[in-house]
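Peer 1: Structure below; questions to follow.
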Amino acid sequence: MQFSEVIGQKTTIQRLKSLAQNNRLSHALLFLGKEGSGALPLANAFAQYLVCDQVAVRKVRQATLATPSLFGEEPSPADENVQMLPEDSCGRCPSCLKASGSVHPDIHYSYPVVALAKGDKPPISADYSSEWRSFTRQYPYANAYDWLQSIGAENRQGNITARECSEIIHKLSFKSFESGFKILIMWMPEYLGEQGNKLLKLIEEPPDDTLFFFVAEQEARILPTILSRTQLVRIPPIAPEAMEDALVNRAGVTPEKARPLAAVSEGNYREALSLLQHNDEDWQSMTREWLNAILKNGPVAVVRWVDEMSKFGREKQKQFLLYVNHLLEESIRLRIMGDAATPIPDNEVDFATRLNKLASISQQQAMIREIEQAAYLIERNAHGKMLFHALSIKIYHIIKHNSLILIA
Ligand SMILES: [Zn+2]
């Protein structure tokens with residue numbers, strides 16, 4: 001993948017190039033960006049840039065290092081001996097072609113996987129390398145849930161295993177084959193438990209020209225021992241103009257439709273595509289049934305609805321809760337800023353208007369807080385049935401009795 005294929009993120013790309021150019025690249029980088037911001041495509045594009053025959057970062061670096069310096073200071077960008085690096089990888093040389101097909105012998109990947117059958121050896125990423133190649137080519141902006149579902153994980157938690165860590169140590173012990181670099185791209189180090197400490201020594205004292213690119217969404221869930229050894233590359237959500245452009249030029253959306261979609265997806269390209277795909281009709285009717293059960297039809301209807309909901313996997317339940325909060329936030333925006341100023345998809349305006357009749361802003365905010373908390377607990381393995389039941393009761397009290405509302 002070339003930088004030009006990454007959606008937006010021009011400033012970050014510039015920064016990465018200047019790190020390479022000025023020889024300030026730490027050997028362990030943390031690409032930290034929320035879901036759908038494009039952290040993985042960026043890491044891939046940067047790896048391709050480093051190995052591209054036309055860019056030849058390594059030669060530039062050697063020339064730079066050979067510059068005699070009396071005081072041993074780092075070469076400055078203004079140093080006239082520093083060669084300028086090209087804007088992007090060429091995309092055509094053998095190294096680029098291998099990198100873009102995820103088959104470059106100097107670029108390795110680690111990512112969470114699941115064991116295929118009970119009693120199998122602990123799985124390693126290479127067990128799924130052909131799935132990984134086609135998945136990342138097709139869905140470069142996907143999240144870990146999408147990936148794990150695509151390899152049949154269902155309700156099982158993905159993992160980066162101790163065996164995978166030994167595998168990494170082994171792979172990086174070889175000399176670079178072609179490019180002069182050895183790059184390990186680890187996607188979702190959040191899935192790396194204590195076993196990750198096996199890698200510390202390697203990260204601390206890596207063999208020459210070895211680079212680690214950790215690509216993560218949630219800083220708080222990365223092993224602190226690894227976190228403290230990385231240089232942070234923070235990746236912001238995609239800017240609305242870049243998002244709009246991508247929706248029009250990649251997803252074939254009309255400009256009229258792309259604008260509101262870019263606004264509501266909040267810099268998350270995965271979310272924008274998923275809004276486009278489902279139009280959220282199912283979630284919307286699920287929300288309608290839920291609120292009707294809570295407010296109109298009574299406890300039996302609530303039990304029935306909770307039973308239905310608990311059939312979904314944990315990730316789906318979380319997505320549902322996030323969707324309800326997205327609707328509630330839209331309702332509040334609609335109420336405060338009015339119809340004209342608020343880019344809300346047509347099919348949600350009606351629902352948001354109803355929500356506004358149903359509850360005041362402080363009630364809606366109280367619901368958002370409770371739903372956020374529930375989504376957090378689901379992520380931490382809370383029991384779905386009990387959780388949705390308790391949440392339904394809380395929402396009933398918020399709307400009927402104005403309870404659970406914080407007075408600001
Ligand atoms: Zn190239």
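Simple scheme: letters A, B, ... for chains in structure tokens order, numbers from 1 for residues in each chain, numbers from 1 for ligands in the order shown.
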Return as a list in words the residues of protein, DNA or RNA that approach ligand 1 to within 7 Å, with only C-alpha atoms and all ligand atoms taken into account.
Peer 2: Cys52, Asp53, Gln54, Val55, Ser89, Cys90, Gly91, Arg92, Cys93, Pro94, Ser95 and Cys96 of chain A
Peer 1: Fewer than 5 positions away in the same chain doesn't count, so skip those; otherwise give me all residues within 8 Å of segment 148-158 of chain A, counting only C-alpha atoms, as number ranges by chain.
Peer 2: A: 112-114, 131, 135, 191, 313-314
Peer 1: For N, CA and C atoms, I'd like the residues from the last selection saved as a compact mmCIF listing (two decimals), in the first residue's frame.
Peer 2:
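So result_24.txt came out as:
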```txt
# COMPACT_ATOMS: atom_id res chain seq x y z
N PRO A 112 -4.07 -11.08 16.37
CA PRO A 112 -4.77 -12.07 17.20
C PRO A 112 -5.40 -13.18 16.36
N VAL A 113 -5.34 -14.38 16.89
CA VAL A 113 -5.97 -15.52 16.21
C VAL A 113 -6.63 -16.42 17.27
N VAL A 114 -7.38 -17.41 16.80
CA VAL A 114 -8.00 -18.39 17.71
C VAL A 114 -7.57 -19.79 17.30
N GLU A 131 -5.51 -16.02 4.91
CA GLU A 131 -6.73 -15.30 5.29
C GLU A 131 -6.41 -13.83 5.58
N PHE A 135 -7.95 -10.67 3.71
CA PHE A 135 -8.80 -9.82 4.56
C PHE A 135 -8.32 -8.37 4.55
N TYR A 191 -4.19 -7.58 22.45
CA TYR A 191 -4.47 -9.01 22.63
C TYR A 191 -3.27 -9.78 23.16
N GLY A 313 -23.88 -12.25 19.86
CA GLY A 313 -22.57 -12.32 20.52
C GLY A 313 -22.27 -11.01 21.23
N ARG A 314 -21.25 -11.07 22.04
CA ARG A 314 -20.88 -9.92 22.87
C ARG A 314 -20.61 -8.67 22.03
```
Peer 1: How many Å separate atom CA of Tyr111 of chain A from atom CA of Leu322 of chain A?
Peer 2: 25.0 Å
Peer 1: Find the spatial neighbours of segment 198-201 of chain A, counting only C-alpha atoms, within a cut-off of 12 Å - ignore same-chain residues fewer than 2 positions away - and output them as an MDAnalysis selection string.
Peer 2: chainID A and resid 28 161:170 172 184 186 189 192:196 203:207 212 223:230
Peer 1: Excluding Gln277 of chain A and residues on its chain fewer than 6 positions from it, collect all residues at most 12 Å away from it, counting only C-alpha atoms, and give them as a PyMOL selection string.
Peer 2: chain A and resi 251+253+261+270-271
Peer 1: Please, could you write that set of residues out with C-alpha atoms as a JSON list (two decimals), in the first residue's frame?
Peer 2:
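Result went into again_32.json, see below:
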```json
[["chain", "number", "residue", "atom", "x", "y", "z"],
["A", 251, "ALA", "CA", -17.21, 3.74, -2.09],
["A", 253, "VAL", "CA", -21.38, 7.41, -2.75],
["A", 261, "LEU", "CA", -22.25, 10.34, 6.35],
["A", 270, "ARG", "CA", -15.31, 1.51, 9.01],
["A", 271, "GLU", "CA", -18.31, 3.11, 10.69]]
```
Peer 1: Could you check the closest approach to Pro260 of chain A for each of A:Val57, A:Leu16, A:Ala359, A:Leu275 and tell me which residue wins, using only C-alpha atoms?
Peer 2: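 So, comparing all the options, the nearest one is A:Leu275.
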Peer 1: Which neighbours of Ala301 of chain A fall inside 12 Å, counting only C-alpha atoms, when residues of the same chain fewer than 3 positions from it are skipped, and could you give them as a PyMOL selection string?
Peer 2: chain A and resi 289-298+304-308+389+392
Peer 1: Between A:Ser134, A:Ile238, A:Phe213, A:Leu85, which residue has the minimum interatomic distance to Phe46 of chain A, considering only C-alpha atoms?
Peer 2: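 Smallest distance to Phe46 of chain A is found for A:Phe213.
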Peer 1: Where does segment 76-165 of chain A meet segment 5-12 of chain A within 12 Å, residue by residue, with the nearest atom pair and distance in Å to one decimal for each, counting only C-alpha atoms, listed by chain and rising number, as CSV?
Peer 2:
```
residue,atom,partner,partner_atom,distance
A:Glu87,CA,A:Lys10,CA,11.3
A:Asp88,CA,A:Glu5,CA,10.3
A:Ser89,CA,A:Glu5,CA,11.0
A:Gly91,CA,A:Glu5,CA,10.5
A:Ser100,CA,A:Glu5,CA,11.0
A:Arg137,CA,A:Glu5,CA,11.7
A:Pro140,CA,A:Val6,CA,9.4
A:Tyr141,CA,A:Ile7,CA,9.8
```
Peer 1: Print the selection's residues with N, CA and C atoms to a file, as a compact mmCIF listing (two decimals), in the first residue's frame.
Peer 2:
```
# COMPACT_ATOMS: atom_id res chain seq x y z
N GLU A 87 8.37 11.45 -2.22
CA GLU A 87 7.08 11.66 -1.55
C GLU A 87 6.42 10.34 -1.11
N ASP A 88 6.56 9.33 -1.98
CA ASP A 88 5.82 8.09 -1.72
C ASP A 88 6.64 6.92 -2.24
N SER A 89 6.29 5.70 -1.82
CA SER A 89 6.92 4.53 -2.43
C SER A 89 6.49 4.48 -3.89
N GLY A 91 5.49 1.97 -5.79
CA GLY A 91 4.32 1.15 -6.09
C GLY A 91 4.55 0.16 -7.22
N SER A 100 2.99 -4.81 -1.04
CA SER A 100 1.54 -4.57 -1.15
C SER A 100 0.77 -5.88 -1.17
N ARG A 137 -6.47 -6.90 2.41
CA ARG A 137 -6.58 -6.27 1.10
C ARG A 137 -8.01 -5.77 0.88
N PRO A 140 -9.16 -2.92 4.56
CA PRO A 140 -8.02 -2.34 5.30
C PRO A 140 -8.44 -1.54 6.54
N TYR A 141 -9.69 -1.11 6.63
CA TYR A 141 -10.12 -0.29 7.77
C TYR A 141 -10.94 -1.07 8.78
```
Peer 1: If you run DSSP on the backbone, which residues of segment 142-190 of chain A are strand (DSSP E), as a PyMOL selection string?
Peer 2: chain A and resi 182-187
Peer 1: Which residues are near Ser130 of chain A? Cut-off 12 Å, only C-alpha atoms, ignore same chain within fewer than 6 positions. Put them as a PyMOL selection string.
Peer 2: chain A and resi 101-103+109+136-137+151
Peer 1: Among segment 158-307 of chain A, which ones does DSSP assign to alpha helix (DSSP H) (computed from the backbone)? Answer as a PyMOL selection string.
Peer 2: chain A and resi 162-172+200-204+224-227+240-249+255-264+269-278+281-292+299-307
Peer 1: So, with only C-alpha atoms as the atoms that count, which of A:Phe351, A:Asn356, A:Val302, A:Gln2 lies closest to Met386 of chain A?
Peer 2: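 Among the listed residues, A:Val302 lies closest to Met386 of chain A.
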Peer 1: Using only C-alpha atoms, which of A:Ala45, A:Ile371, A:Val51, A:Ala272 sits nearest Lys394 of chain A?
Peer 2: A:Ile371
